[in-house]
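Report on one structure; see the data block that follows.
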Amino acid sequence: MTVWLHIDLQGLTFSIVMGYVVCAWIMVIVIFVSDWEALSDQIRDRVVNGDLDVQSCSTEDNGLYGAYDWDELPDEVKLAAELLGYRKFLWDENKEPEEAEKDWSELSPEQQEAATVLGYDADKWNKEDGRNVSSFDEDNEIEIKKTVIYDHLHWDDLPEEVQAAAAKLGFDEGETSETPLNTESSY
């Protein structure tokens with residue numbers, strides 16, 4: 001069309017610039033017309049209702065790459081994940097390898113370095129296994145309780161107070177010593 005209509009470089013440049021100007025105005029209008037408070041309320045409602053999984057996109061609890069599929073990971077991150085026992089099927093299905101059950105201090109120095117590449121430090125890593133149950137906020141003089149999941153642990157690995165609570169719910173060592181404690185059916 002440029003040859004047939006005899007449009008020169010100035011005409012092509014003008015059309016590109018005008019395209020950008022129109023797009024910019026459309027974006028400005030959308031920004032000023034949108035009700036951002038209502039949109040944020042809708043997102044909060046979706047998170048509360050479980051329609052939106054924010055946890056899978058979180059970098060704080062899942063490391064820096066928790067929202068990525070295996071094929072999207074940079075090569076050095078894949079190597080670090082493999083050192084921690086991850087493989088494609090585990091990573092993509094959000095399954096944990098055996099090494100994830102270890103405390104930070106139980107990891108080898110190479111595994112600690114690999115975990116660091118994935119965005120973990122000792123506190124974040126240990127938080128994942130449910131060992132940090134509560135903390136004390138000295139400024140406000142309150143104890144902060146955290147929700148802990150024990151589904152992945154065997155009876156012998158459970159803290160004594162959790163064993164006692166599980167026994168009250170009808171679980172015993174014989175039912176759970178070979179398989180992890182499944183607390184979902186008891187609630």
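Naming works like this for the structure tokens: A, B, ... for the chains as they're shown, residue 1 at the start of each chain, ligands 1 onward in shown order.
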
*Shell around segment 106-117 of chain A at 6 Å using only C-alpha atoms, local window under 4 positions removed, as number ranges by chain*: A: 80, 84, 102, 121

Keeping C-alpha atoms for every residue in the selection just given, could you write it to a file as a tab-separated table (two decimals), in the first residue's frame?
```
chain	number	residue	atom	x	y	z
A	80	ALA	CA	19.47	-25.72	42.24
A	84	LEU	CA	17.10	-30.20	46.46
A	102	LYS	CA	14.59	-31.51	56.43
A	121	ASP	CA	16.88	-18.51	53.86
```

- Message: Need to verify the contact set: Leu73 of chain A, 12 Å, only C-alpha atoms, exclusion of same-chain residues closer than 4 positions in sequence. Can you return it as a ChimeraX atom specification?
- Response: /A:64-69,77-82,87-88,91-92,117-118

Could you save the residues just selected, with N, CA and C atoms, as a PDB file, in the first residue's frame?
```
ATOM      1  N   LEU A  64      11.374 -17.618  45.231  1.00  0.00           N
ATOM      2  CA  LEU A  64      11.250 -16.656  44.137  1.00  0.00           C
ATOM      3  C   LEU A  64      10.574 -17.237  42.911  1.00  0.00           C
ATOM      4  N   TYR A  65      10.594 -18.549  42.753  1.00  0.00           N
ATOM      5  CA  TYR A  65      10.136 -19.170  41.517  1.00  0.00           C
ATOM      6  C   TYR A  65       8.922 -20.065  41.713  1.00  0.00           C
ATOM      7  N   GLY A  66       8.198 -19.925  42.812  1.00  0.00           N
ATOM      8  CA  GLY A  66       7.069 -20.788  43.113  1.00  0.00           C
ATOM      9  C   GLY A  66       5.943 -20.726  42.099  1.00  0.00           C
ATOM     10  N   ALA A  67       5.791 -19.620  41.394  1.00  0.00           N
ATOM     11  CA  ALA A  67       4.698 -19.477  40.433  1.00  0.00           C
ATOM     12  C   ALA A  67       5.076 -19.944  39.035  1.00  0.00           C
ATOM     13  N   TYR A  68       6.330 -20.365  38.848  1.00  0.00           N
ATOM     14  CA  TYR A  68       6.800 -20.761  37.524  1.00  0.00           C
ATOM     15  C   TYR A  68       6.650 -22.260  37.301  1.00  0.00           C
ATOM     16  N   ASP A  69       6.380 -22.654  36.056  1.00  0.00           N
ATOM     17  CA  ASP A  69       6.445 -24.061  35.663  1.00  0.00           C
ATOM     18  C   ASP A  69       7.902 -24.438  35.460  1.00  0.00           C
ATOM     19  N   VAL A  77      18.507 -22.189  38.025  1.00  0.00           N
ATOM     20  CA  VAL A  77      17.474 -22.445  39.017  1.00  0.00           C
ATOM     21  C   VAL A  77      17.047 -23.912  38.952  1.00  0.00           C
ATOM     22  N   LYS A  78      16.963 -24.469  37.741  1.00  0.00           N
ATOM     23  CA  LYS A  78      16.654 -25.896  37.608  1.00  0.00           C
ATOM     24  C   LYS A  78      17.721 -26.743  38.302  1.00  0.00           C
ATOM     25  N   LEU A  79      18.991 -26.383  38.117  1.00  0.00           N
ATOM     26  CA  LEU A  79      20.075 -27.130  38.760  1.00  0.00           C
ATOM     27  C   LEU A  79      19.959 -27.051  40.277  1.00  0.00           C
ATOM     28  N   ALA A  80      19.641 -25.875  40.795  1.00  0.00           N
ATOM     29  CA  ALA A  80      19.465 -25.718  42.242  1.00  0.00           C
ATOM     30  C   ALA A  80      18.281 -26.547  42.727  1.00  0.00           C
ATOM     31  N   ALA A  81      17.187 -26.526  41.985  1.00  0.00           N
ATOM     32  CA  ALA A  81      16.004 -27.302  42.371  1.00  0.00           C
ATOM     33  C   ALA A  81      16.303 -28.799  42.335  1.00  0.00           C
ATOM     34  N   GLU A  82      17.044 -29.247  41.330  1.00  0.00           N
ATOM     35  CA  GLU A  82      17.401 -30.663  41.237  1.00  0.00           C
ATOM     36  C   GLU A  82      18.275 -31.089  42.411  1.00  0.00           C
ATOM     37  N   ARG A  87      12.152 -32.593  40.619  1.00  0.00           N
ATOM     38  CA  ARG A  87      12.151 -32.998  39.230  1.00  0.00           C
ATOM     39  C   ARG A  87      10.943 -32.330  38.583  1.00  0.00           C
ATOM     40  N   LYS A  88      10.853 -32.383  37.280  1.00  0.00           N
ATOM     41  CA  LYS A  88       9.789 -31.700  36.551  1.00  0.00           C
ATOM     42  C   LYS A  88       8.404 -32.054  37.099  1.00  0.00           C
ATOM     43  N   TRP A  91       7.856 -30.523  40.617  1.00  0.00           N
ATOM     44  CA  TRP A  91       7.749 -29.066  40.585  1.00  0.00           C
ATOM     45  C   TRP A  91       6.409 -28.631  40.006  1.00  0.00           C
ATOM     46  N   ASP A  92       6.038 -29.204  38.857  1.00  0.00           N
ATOM     47  CA  ASP A  92       4.812 -28.788  38.180  1.00  0.00           C
ATOM     48  C   ASP A  92       3.557 -29.182  38.946  1.00  0.00           C
ATOM     49  N   VAL A 117      19.363 -19.905  46.139  1.00  0.00           N
ATOM     50  CA  VAL A 117      19.085 -19.550  44.741  1.00  0.00           C
ATOM     51  C   VAL A 117      17.578 -19.519  44.497  1.00  0.00           C
ATOM     52  N   LEU A 118      16.830 -20.415  45.151  1.00  0.00           N
ATOM     53  CA  LEU A 118      15.380 -20.464  44.989  1.00  0.00           C
ATOM     54  C   LEU A 118      14.653 -19.402  45.816  1.00  0.00           C
TER      55      LEU A 118
END
```

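Of the listed residues (A:Ile16, A:Glu160, A:Ala122, A:Trp155), A:Trp155 comes nearest to Asp172 of chain A; the distances count only C-alpha atoms.
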
What residues in segment 62-119 of chain A get the DSSP label alpha helix (DSSP H)? Please answer as an mmCIF file with N, CA and C atoms, in the first residue's frame.
```cif
data_model
loop_
_atom_site.group_PDB
_atom_site.id
_atom_site.type_symbol
_atom_site.label_atom_id
_atom_site.label_comp_id
_atom_site.auth_asym_id
_atom_site.auth_seq_id
_atom_site.Cartn_x
_atom_site.Cartn_y
_atom_site.Cartn_z
ATOM 1 N N ASP A 75 18.131 -22.106 33.704
ATOM 2 C CA ASP A 75 18.919 -23.326 33.882
ATOM 3 C C ASP A 75 19.555 -23.417 35.259
ATOM 4 N N GLU A 76 20.106 -22.306 35.775
ATOM 5 C CA GLU A 76 20.763 -22.358 37.084
ATOM 6 C C GLU A 76 19.761 -22.628 38.204
ATOM 7 N N VAL A 77 18.507 -22.189 38.025
ATOM 8 C CA VAL A 77 17.474 -22.445 39.017
ATOM 9 C C VAL A 77 17.047 -23.912 38.952
ATOM 10 N N LYS A 78 16.963 -24.469 37.741
ATOM 11 C CA LYS A 78 16.654 -25.896 37.608
ATOM 12 C C LYS A 78 17.721 -26.743 38.302
ATOM 13 N N LEU A 79 18.991 -26.383 38.117
ATOM 14 C CA LEU A 79 20.075 -27.130 38.760
ATOM 15 C C LEU A 79 19.959 -27.051 40.277
ATOM 16 N N ALA A 80 19.641 -25.875 40.795
ATOM 17 C CA ALA A 80 19.465 -25.718 42.242
ATOM 18 C C ALA A 80 18.281 -26.547 42.727
ATOM 19 N N ALA A 81 17.187 -26.526 41.985
ATOM 20 C CA ALA A 81 16.004 -27.302 42.371
ATOM 21 C C ALA A 81 16.303 -28.799 42.335
ATOM 22 N N GLU A 82 17.044 -29.247 41.330
ATOM 23 C CA GLU A 82 17.401 -30.663 41.237
ATOM 24 C C GLU A 82 18.275 -31.089 42.411
ATOM 25 N N LEU A 83 19.148 -30.204 42.862
ATOM 26 C CA LEU A 83 20.003 -30.504 44.010
ATOM 27 C C LEU A 83 19.167 -30.689 45.276
ATOM 28 N N LYS A 88 10.853 -32.383 37.280
ATOM 29 C CA LYS A 88 9.789 -31.700 36.551
ATOM 30 C C LYS A 88 8.404 -32.054 37.099
ATOM 31 N N PHE A 89 8.126 -33.344 37.275
ATOM 32 C CA PHE A 89 6.777 -33.745 37.708
ATOM 33 C C PHE A 89 6.492 -33.267 39.133
ATOM 34 N N LEU A 90 7.500 -33.249 40.003
ATOM 35 C CA LEU A 90 7.284 -32.749 41.368
ATOM 36 C C LEU A 90 7.024 -31.247 41.357
ATOM 37 N N TRP A 91 7.856 -30.523 40.617
ATOM 38 C CA TRP A 91 7.749 -29.066 40.585
ATOM 39 C C TRP A 91 6.409 -28.631 40.006
ATOM 40 N N ASP A 92 6.038 -29.204 38.857
ATOM 41 C CA ASP A 92 4.812 -28.788 38.180
ATOM 42 C C ASP A 92 3.557 -29.182 38.946
ATOM 43 N N PRO A 109 25.743 -27.960 52.853
ATOM 44 C CA PRO A 109 26.042 -26.583 52.420
ATOM 45 C C PRO A 109 25.643 -26.329 50.962
ATOM 46 N N GLU A 110 25.824 -27.344 50.096
ATOM 47 C CA GLU A 110 25.430 -27.188 48.691
ATOM 48 C C GLU A 110 23.917 -27.036 48.574
ATOM 49 N N GLN A 111 23.156 -27.800 49.381
ATOM 50 C CA GLN A 111 21.703 -27.695 49.338
ATOM 51 C C GLN A 111 21.237 -26.355 49.907
ATOM 52 N N GLN A 112 21.903 -25.869 50.937
ATOM 53 C CA GLN A 112 21.557 -24.554 51.471
ATOM 54 C C GLN A 112 21.787 -23.467 50.423
ATOM 55 N N GLU A 113 22.889 -23.582 49.686
ATOM 56 C CA GLU A 113 23.163 -22.619 48.623
ATOM 57 C C GLU A 113 22.107 -22.722 47.524
ATOM 58 N N ALA A 114 21.703 -23.952 47.190
ATOM 59 C CA ALA A 114 20.660 -24.151 46.176
ATOM 60 C C ALA A 114 19.337 -23.548 46.649
ATOM 61 N N ALA A 115 19.016 -23.744 47.927
ATOM 62 C CA ALA A 115 17.786 -23.164 48.471
ATOM 63 C C ALA A 115 17.834 -21.642 48.425
ATOM 64 N N THR A 116 19.020 -21.073 48.631
ATOM 65 C CA THR A 116 19.197 -19.629 48.548
ATOM 66 C C THR A 116 18.921 -19.136 47.128
ATOM 67 N N VAL A 117 19.363 -19.905 46.139
ATOM 68 C CA VAL A 117 19.085 -19.550 44.741
ATOM 69 C C VAL A 117 17.578 -19.519 44.497
#
```

note - atom CA of Glu72 of chain A and atom CA of Lys127 of chain A are separated by 25.7 Å
